[in-house]
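Peer 1: Would you mind keeping the following structure in view while I ask a few things?
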Amino acid sequence: MAELVEELKEKIIDQLSLEDIEVSDIDNNDPLFGDGLGLDSIDALELIVLLEKEYGIKLTDPKEGKAIFQSVQVMADYITKHRTK
Amino acid sequence: MEKKYYIKHYCAIKNEAVYKNGEVYHEDETSDNLKDFAKGIYKKLELKYPKFYKMDELCKFSFLASEILLMNEEIDEDTALVFANKASSLVTDRKHQETINDPENYFPSPAIFVYTLPNIALGEISIKHKFKSENAFFVNEKFDSSFIMNYSQMLLDTQKATKVICGWVDLDSNKYDVFLTYLTREEGKQITIRELTDIYNNDYGRISRRA
Amino acid sequence: MRRAYLNSDVIISPLGFTSEENIAKLRNNISGITEQDDTNLHRTSFYGAKIADDKLEELSLQYDLLAYTRLEQMMLLAVKKLLEKNPSLDIHKTGVIIATTKGNVDQLAIDMQSENAYLTSLSNTIESYFTLKNTPIILSNACISGGLAVAVAKRMIQAEQYDDVIVIGGDVLTAFTLSGFFSFQAVSDQPCKPFSKNRTGVSLGEAAAALWVSSNKIEETNVVLTGDASVNDANHISGPSRTGEGLFLSITKALKEANIESEAIDYISAHGTATPFNDEMESIAFSRANLLKVPLNSFKGYYGHTLGASALIETIIARHCLLNNEVFASKGFDELGVSEPVTVLKENKIMPLQRVLNTASGFGGCNVALILEKINS
């Protein structure tokens with residue numbers, strides 16, 4: 001799990017072009033949206049693409065994303081349960 | 001150009017260098033790609049604007065040139081943006097096309113797709129400075145300074161804007177050509193369209209290096 | 001100041017190949033949106049408004065345009081038909097503005113380095129086809145392109161740069177734009193439902209149109225563009241402003257230029273893409289501008305969202321509405337689903353019309369408002 005969390009942080013930084021942020025800057029339980037990393041609606045859609053592309057998880061309702069993208073930890077838990085690749 | 005408007009500043013990005021009002025502002029002969037070149041200018045400007053990294057290169061160069069024009073300037077909400085280029089957003093269009101070309105690897109990305117419109121560059125600048133004014137993006141074979149200046153003056157004449165940033169921002173397959181001017185009613189450099197065209201055509205990048 | 005008359009127009013769309021055919025379909029509340037099942041366009045079936053290939057081919061053959069791309073065929077047809085029905089209009093003496101978001105972007109699927117994918121290939125085609133002296137101007141301003149182009153035409157006429165301007169608008173339904181809108185999870189799984197409670201997104205469409213804007217009127221009763229304004233939200237590159245700021249300011253400025261108050265507006269042709277955020281934003285802007293009681297509709301339920309063409313087509317339809325004193329039901333509307341109680345037209349109506357407000361909003365945070373007024377001389 002710890003490995004997945006690290007991998008996920010790297011992928012998020014890369015996919016969302018968060019150049020000024022390092023893996024060590026992201027706390028597992030930091031909120032990704034709002035005050036956390038300051039992500040916006042396009043980032044949320046981009047995370048949906050990331051889930052599908054990297055882990056074979058297809059979200060069809062953007063509202064589902066809200067619950068899953070709470071924090072890196074919540075995302076990692078969800079991926080562990082639902083990944084197909 | 002009519003006497004009542006002035007070009008307060010102009011900025012060019014070409015030949016691995018950035019110029020403000022004809023003077024070299026930044027040179028970079030080491031970066032071998034546009035992303036790093038743009039990042040170098042961003043660092044030089046000492047900006048803290050993480051959204052910059054999310055932009056495509058057309059937006060980055062448009063954004064950086066406008067930052068250079070607006071350095072130490074009082075921001076006027078009613079500043080219109082009138083830009084033109086040849087390749088529209090084609091560099092990013094090709095990137096988006098690549099994400100859908102292969103049916104086995106079909107992952108269109110919203111963060112790429114949103115930049116497949118040239119006027120997004122104007123939106124980015126408007127967001128940064130809270131410009132609540134007109135954005136117009138034209139596409140021409142080459143920089144038509146008289147068209148862009150006439151259009152910009154029309155906006156000023158008809159009180160549709162009080163200031164205008166206008167010019168040319170073209171990006172295509174690693175070639176770039178940026179030339180923006182800041183048009184105001186304040187006293188400043190008064191330039192005719194003819195002179196402006198000469199400034200644009202003048203490759204002062206090479207001149208400065210020869211000197 | 002010179003007036004900018006909207007003299008004549010042509011719409012090339014799934015609803016017909018003349019403006020009159022299009023208006024007749026609207027009068028019968030017929031939508032051009034159908035289920036599309038073409039894997040070259042999208043991997044799954046979807047609802048969209050596409051011009052029938054055989055009909056376009058037939059007409060292009062008749063006009064000898066088969067050598068051109070799909071979009072060029074549509075644009076050339078629009079202009080040729082405009083010139084046919086207006087023998088007094090000489091394209092060699094007019095300004096020409098082309099409004100498009102993506103031009104021939106469909107050519108990228110065939111060749112990533114395609115020369116046709118440059119928007120300038122459209123202006124070059126129009127220039128050489130009609131042997132023009134001046135290259136047409138291209139305006140590419142997302143989903144407000146067609147409306148802003150009409151505003152640009154008016155300003156050029158008022159600045160006496162031209163006596164006549166032809167505005168051409170067009171975009172085609174492509175895998176490129178479909179894949180993008182799907183990635184934004186912004187495509188409706190049924191024909192789009194602007195301003196409705198259960199709206200879930202856009203239907204995309206394709207169309208081209210041509211409009212003759214002039215300093216001289218050709219009919220006694222005519223339509224004039226009396227006000228225009230375009231203001232950016234300065235808020236977000238894809239999300240509409242929560243306060244409707246840019247659209248509200250566009251409307252306010254356009255009303256001011258037309259020298260009227262919001263009470264003088266008889267009907268609003270709204271943008272109404274049917275995405276949850278867009279329609280909500282519009283309702284807030286209309287509320288702030290005191291326009292809640294004014295009947296409004298969106299034509300997206302008939303045409304889908306035709307991107308760069310949409311605001312031009314809607315200006316043309318608004319012109320016909322003014323001349324005919326009629327308005328059309330907002331297709332796809334059932335139960336109001338925006339927070340401000342806008343007056344959505346549930347059925348067609350014959351009613352006296354003097355002034356129409358036409359609005360559009362797009363990616364990049366751009367907005368445009370146009371005021372059209374009927375003048376009986």
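Residues in the structure tokens are named by chain (A, B, ... in the order shown) and by number from 1 within that chain; ligands are numbered from 1 in the order shown.
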Skip segment 95-102 of chain B itself and residues of its chain fewer than 4 positions away, then list as a ChimeraX atom specification all residues within 12 Å of it, counting only C-alpha atoms.
Peer 2: /A:49,53 /B:56-57,89-91,106-117,173 /C:40-43,105-113,117,174-183
Peer 1: Excluding Lys9 of chain A and any residue of its chain fewer than 6 positions from it, enumerate the residues within 9 Å of it, using only C-alpha atoms, and give them as a list in words.
Peer 2: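 Near neighbours after the sequence-gap exclusion: Glu22, Val23, Ser24, Ile26, Asn28 and Val72 of chain A.
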Peer 1: Quick check: residues of chain C within 9 Å of chain B, only C-alpha atoms, returned as a ChimeraX atom specification.
Peer 2: /C:43,101-102,105,108-109,112-113,117-120,123,135-142,145,148,152,155-156,159,175-177,179-184,229-238,245-246,249-250,253,363-368
Peer 1: Between atom CA of Tyr6 of chain B and atom CA of Glu187 of chain B, what is the spacing in Å?
Peer 2: 6.3 Å
Peer 1: Between atom CA of Leu18 of chain A and atom CA of Glu67 of chain B, what is the distance, to one decimal in Å?
Peer 2: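 Value for the atom CA of Leu18 of chain A-atom CA of Glu67 of chain B distance: 20.8 Å.
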Peer 1: Identify which of the residues B:Met55, B:Val18, B:Ile41, B:Val178 lies closest to chain A, counting only C-alpha atoms when measuring atom-to-atom distances.
Peer 2: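 Of B:Met55, B:Val18, B:Ile41, B:Val178, the one nearest chain A, counting only C-alpha atoms, is B:Met55.
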Peer 1: Counting only C-alpha atoms, which residues of chain A sit at most 8 Å from some atom of chain B, and what is each one's closest atom pair with its distance in Å to one decimal, listed by chain and rising residue number, as a Markdown table?
Peer 2:
```
| residue | atom | partner | partner_atom | distance |
| --- | --- | --- | --- | --- |
| A:Leu16 | CA | B:Lys54 | CA | 7.0 |
| A:Ser17 | CA | B:Lys54 | CA | 5.4 |
| A:Leu18 | CA | B:Tyr53 | CA | 6.8 |
| A:Glu19 | CA | B:Tyr53 | CA | 6.5 |
| A:Asp20 | CA | B:Pro50 | CA | 7.0 |
| A:Ile42 | CA | B:Ala111 | CA | 6.1 |
| A:Asp43 | CA | B:Ala111 | CA | 7.2 |
| A:Leu45 | CA | B:Pro110 | CA | 6.5 |
| A:Glu46 | CA | B:Pro110 | CA | 6.1 |
| A:Val49 | CA | B:Ser109 | CA | 6.8 |
| A:Lys53 | CA | B:Phe107 | CA | 6.8 |
```
Peer 1: Do you have the atom CA of Gly36 of chain A-atom CA of Glu10 of chain A distance handy?
Peer 2: 16.2 Å
Peer 1: Would you kindly return, as a CSV table (one decimal) with all heavy atoms, in the first residue's frame, each protein, DNA or RNA residue with an atom no farther than 12 Å from any atom of Leu89 of chain C, considering only C-alpha atoms and excluding same-chain residues fewer than 4 positions away?
Peer 2:
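Result file result.csv:
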```
chain,number,residue,atom,x,y,z
C,7,ASN,N,-28.8,42.1,-43.6
C,7,ASN,CA,-29.6,42.1,-44.8
C,7,ASN,C,-30.1,40.7,-45.3
C,7,ASN,O,-31.3,40.6,-45.8
C,7,ASN,CB,-28.8,42.7,-46.0
C,7,ASN,CG,-29.0,44.2,-46.0
C,7,ASN,OD1,-29.8,44.8,-45.2
C,7,ASN,ND2,-28.2,44.9,-46.8
C,8,SER,N,-29.3,39.7,-45.2
C,8,SER,CA,-29.7,38.5,-45.8
C,8,SER,C,-28.8,37.4,-45.3
C,8,SER,O,-27.7,37.6,-44.8
C,8,SER,CB,-29.5,38.6,-47.4
C,8,SER,OG,-29.9,37.4,-48.0
C,9,ASP,N,-29.3,36.1,-45.3
C,9,ASP,CA,-28.5,35.0,-44.7
C,9,ASP,C,-28.9,33.7,-45.3
C,9,ASP,O,-29.9,33.5,-46.0
C,9,ASP,CB,-28.9,35.0,-43.2
C,9,ASP,CG,-30.3,35.1,-42.9
C,9,ASP,OD1,-31.1,34.2,-43.3
C,9,ASP,OD2,-30.8,36.1,-42.3
C,79,VAL,N,-22.0,30.6,-48.8
C,79,VAL,CA,-21.7,31.9,-49.4
C,79,VAL,C,-22.3,32.0,-50.9
C,79,VAL,O,-22.9,33.0,-51.3
C,79,VAL,CB,-20.2,32.1,-49.5
C,79,VAL,CG1,-19.9,33.5,-50.2
C,79,VAL,CG2,-19.6,32.1,-48.1
C,80,LYS,N,-22.2,30.8,-51.6
C,80,LYS,CA,-22.7,30.8,-53.0
C,80,LYS,C,-24.2,31.1,-53.0
C,80,LYS,O,-24.7,31.8,-53.8
C,80,LYS,CB,-22.4,29.5,-53.7
C,80,LYS,CG,-20.9,29.4,-54.1
C,80,LYS,CD,-20.6,28.2,-54.9
C,80,LYS,CE,-21.2,28.2,-56.2
C,80,LYS,NZ,-20.2,28.5,-57.3
C,81,LYS,N,-24.9,30.5,-52.1
C,81,LYS,CA,-26.4,30.7,-52.0
C,81,LYS,C,-26.7,32.1,-51.6
C,81,LYS,O,-27.7,32.7,-52.0
C,81,LYS,CB,-27.0,29.7,-51.0
C,81,LYS,CG,-27.1,28.3,-51.6
C,81,LYS,CD,-27.6,27.3,-50.6
C,81,LYS,CE,-27.9,26.0,-51.2
C,81,LYS,NZ,-29.4,25.8,-51.3
C,82,LEU,N,-25.9,32.7,-50.7
C,82,LEU,CA,-26.1,34.1,-50.3
C,82,LEU,C,-25.9,35.0,-51.5
C,82,LEU,O,-26.7,35.9,-51.7
C,82,LEU,CB,-25.1,34.4,-49.2
C,82,LEU,CG,-25.3,35.8,-48.6
C,82,LEU,CD1,-26.6,35.9,-47.7
C,82,LEU,CD2,-24.1,36.2,-47.8
C,83,LEU,N,-24.9,34.7,-52.3
C,83,LEU,CA,-24.6,35.6,-53.5
C,83,LEU,C,-25.7,35.4,-54.5
C,83,LEU,O,-26.1,36.3,-55.2
C,83,LEU,CB,-23.2,35.3,-54.0
C,83,LEU,CG,-22.1,35.6,-53.1
C,83,LEU,CD1,-20.7,35.2,-53.7
C,83,LEU,CD2,-22.0,37.1,-52.7
C,84,GLU,N,-26.2,34.1,-54.7
C,84,GLU,CA,-27.2,33.8,-55.6
C,84,GLU,C,-28.5,34.6,-55.4
C,84,GLU,O,-29.1,35.1,-56.3
C,84,GLU,CB,-27.6,32.3,-55.6
C,84,GLU,CG,-26.9,31.4,-56.6
C,84,GLU,CD,-27.2,30.0,-56.3
C,84,GLU,OE1,-28.2,29.6,-55.7
C,84,GLU,OE2,-26.4,29.1,-56.8
C,85,LYS,N,-28.9,34.6,-54.1
C,85,LYS,CA,-30.1,35.3,-53.8
C,85,LYS,C,-30.0,36.8,-53.7
C,85,LYS,O,-31.0,37.5,-53.5
C,85,LYS,CB,-30.8,34.6,-52.6
C,85,LYS,CG,-30.3,34.9,-51.3
C,85,LYS,CD,-31.3,34.2,-50.3
C,85,LYS,CE,-31.0,34.5,-48.8
C,85,LYS,NZ,-31.9,33.9,-47.9
C,93,LYS,N,-16.2,43.3,-53.2
C,93,LYS,CA,-16.1,44.7,-52.6
C,93,LYS,C,-16.4,44.6,-51.1
C,93,LYS,O,-16.5,45.6,-50.4
C,93,LYS,CB,-17.1,45.6,-53.2
C,93,LYS,CG,-16.8,46.0,-54.6
C,93,LYS,CD,-17.8,46.9,-55.2
C,93,LYS,CE,-17.5,47.2,-56.7
C,93,LYS,NZ,-18.7,47.6,-57.4
C,94,THR,N,-16.6,43.4,-50.6
C,94,THR,CA,-17.0,43.3,-49.1
C,94,THR,C,-15.8,42.8,-48.3
C,94,THR,O,-14.9,42.2,-48.8
C,94,THR,CB,-18.1,42.3,-48.9
C,94,THR,OG1,-17.6,40.9,-49.1
C,94,THR,CG2,-19.3,42.5,-49.9
C,95,GLY,N,-15.9,43.1,-47.0
C,95,GLY,CA,-15.0,42.4,-46.0
C,95,GLY,C,-15.6,41.0,-45.8
C,95,GLY,O,-16.8,40.8,-45.9
C,163,ASP,N,-18.3,48.9,-46.5
C,163,ASP,CA,-19.8,49.2,-46.5
C,163,ASP,C,-20.5,47.9,-46.3
C,163,ASP,O,-21.7,47.9,-45.8
C,163,ASP,CB,-20.2,49.8,-47.9
C,163,ASP,CG,-19.6,51.1,-48.1
C,163,ASP,OD1,-19.4,51.8,-47.0
C,163,ASP,OD2,-19.3,51.5,-49.2
C,164,ASP,N,-19.9,46.8,-46.7
C,164,ASP,CA,-20.6,45.5,-46.6
C,164,ASP,C,-19.6,44.4,-46.0
C,164,ASP,O,-18.4,44.4,-46.4
C,164,ASP,CB,-21.1,45.0,-48.0
C,164,ASP,CG,-22.1,45.9,-48.5
C,164,ASP,OD1,-23.3,45.8,-48.2
C,164,ASP,OD2,-21.7,46.8,-49.3
C,165,VAL,N,-20.1,43.6,-45.2
C,165,VAL,CA,-19.2,42.5,-44.7
C,165,VAL,C,-20.0,41.2,-44.7
C,165,VAL,O,-21.2,41.2,-44.4
C,165,VAL,CB,-18.8,42.8,-43.2
C,165,VAL,CG1,-18.0,41.6,-42.7
C,165,VAL,CG2,-18.0,44.1,-43.1
C,166,ILE,N,-19.4,40.1,-45.2
C,166,ILE,CA,-20.0,38.8,-45.2
C,166,ILE,C,-19.4,38.0,-44.0
C,166,ILE,O,-18.2,37.9,-44.0
C,166,ILE,CB,-19.9,38.1,-46.5
C,166,ILE,CG1,-20.6,38.8,-47.6
C,166,ILE,CG2,-20.4,36.6,-46.4
C,166,ILE,CD1,-20.3,38.2,-49.0
C,211,LEU,N,-23.9,35.4,-43.4
C,211,LEU,CA,-24.8,36.6,-43.1
C,211,LEU,C,-24.2,37.8,-43.7
C,211,LEU,O,-23.0,38.1,-43.6
C,211,LEU,CB,-24.9,36.7,-41.6
C,211,LEU,CG,-25.5,38.0,-41.0
C,211,LEU,CD1,-27.0,38.1,-41.4
C,211,LEU,CD2,-25.3,38.1,-39.5
C,212,TRP,N,-25.0,38.6,-44.4
C,212,TRP,CA,-24.6,39.8,-45.1
C,212,TRP,C,-24.9,41.0,-44.1
C,212,TRP,O,-26.1,41.2,-43.8
C,212,TRP,CB,-25.3,39.9,-46.4
C,212,TRP,CG,-25.1,41.3,-47.1
C,212,TRP,CD1,-24.1,42.2,-46.9
C,212,TRP,CD2,-25.9,41.8,-48.2
C,212,TRP,NE1,-24.3,43.3,-47.7
C,212,TRP,CE2,-25.4,43.1,-48.5
C,212,TRP,CE3,-27.1,41.3,-48.8
C,212,TRP,CZ2,-25.9,43.9,-49.5
C,212,TRP,CZ3,-27.6,42.1,-49.8
C,212,TRP,CH2,-27.0,43.4,-50.2
C,213,VAL,N,-23.9,41.6,-43.6
C,213,VAL,CA,-24.1,42.8,-42.8
C,213,VAL,C,-23.7,44.0,-43.6
C,213,VAL,O,-22.7,44.0,-44.3
C,213,VAL,CB,-23.2,42.7,-41.5
C,213,VAL,CG1,-23.5,43.9,-40.6
C,213,VAL,CG2,-23.3,41.4,-40.8
C,214,SER,N,-24.5,45.1,-43.6
C,214,SER,CA,-24.3,46.2,-44.5
C,214,SER,C,-24.6,47.5,-43.9
C,214,SER,O,-25.4,47.6,-43.0
C,214,SER,CB,-25.2,45.9,-45.7
C,214,SER,OG,-25.1,47.0,-46.6
C,216,ASN,N,-26.1,49.6,-45.8
C,216,ASN,CA,-27.3,50.0,-46.5
C,216,ASN,C,-28.3,48.9,-46.4
C,216,ASN,O,-28.0,47.7,-46.5
C,216,ASN,CB,-27.0,50.1,-48.0
C,216,ASN,CG,-26.0,51.2,-48.3
C,216,ASN,OD1,-26.2,52.4,-47.9
C,216,ASN,ND2,-24.8,50.9,-48.8
C,217,LYS,N,-29.6,49.3,-46.2
C,217,LYS,CA,-30.7,48.3,-46.1
C,217,LYS,C,-31.2,48.0,-47.4
C,217,LYS,O,-31.1,48.8,-48.4
C,217,LYS,CB,-31.8,48.9,-45.2
C,217,LYS,CG,-32.4,50.2,-45.7
C,217,LYS,CD,-33.6,50.6,-44.8
C,217,LYS,CE,-34.4,51.7,-45.4
C,217,LYS,NZ,-33.9,53.0,-44.9
C,218,ILE,N,-31.7,46.8,-47.6
C,218,ILE,CA,-32.3,46.4,-48.9
C,218,ILE,C,-33.8,46.2,-48.8
C,218,ILE,O,-34.5,46.1,-49.8
C,218,ILE,CB,-31.7,45.1,-49.4
C,218,ILE,CG1,-31.7,43.9,-48.4
C,218,ILE,CG2,-30.2,45.3,-49.9
C,218,ILE,CD1,-31.4,42.6,-49.0
```
Peer 1: Between A:Ile57, A:His82, A:Lys63, A:Ser41, which is the closest to chain C once you count only C-alpha atoms?
Peer 2: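 Closest candidate: A:Ser41.
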Peer 1: DSSP on the backbone: what in chain A comes out helix (DSSP H, G or I), as a ChimeraX atom specification?
Peer 2: /A:2-15,23-25,41-55,62-68,72-82
Peer 1: I'd like to know which of A:Ala44, A:Leu51, A:Met1, A:Ile79 is closest to chain C, using only C-alpha atoms.
Peer 2: A:Ala44
Peer 1: Go through A:Asp40, A:Arg83, A:Ile48, A:Ala76 and flag the residue nearest Leu8 of chain A, using only C-alpha atoms for the distances.
Peer 2: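 Of A:Asp40, A:Arg83, A:Ile48, A:Ala76, the one nearest Leu8 of chain A, counting only C-alpha atoms, is A:Ala76.
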Peer 1: Would you please work out which residue, of B:Glu104, B:Ser145, B:Thr181, B:Val169, is nearest to Asn201 of chain B when using only C-alpha atoms?
Peer 2: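 Of B:Glu104, B:Ser145, B:Thr181, B:Val169, the one nearest Asn201 of chain B is B:Ser145, counting only C-alpha atoms.
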Peer 1: So that I can check the surroundings of Gln70 of chain A, please list as JSON, numbers by chain every protein, DNA and RNA residue that reaches within 6 Å of it, counting only C-alpha atoms and ignoring chain neighbours fewer than 2 positions away.
Peer 2: {"A": [31, 32, 67, 68]}
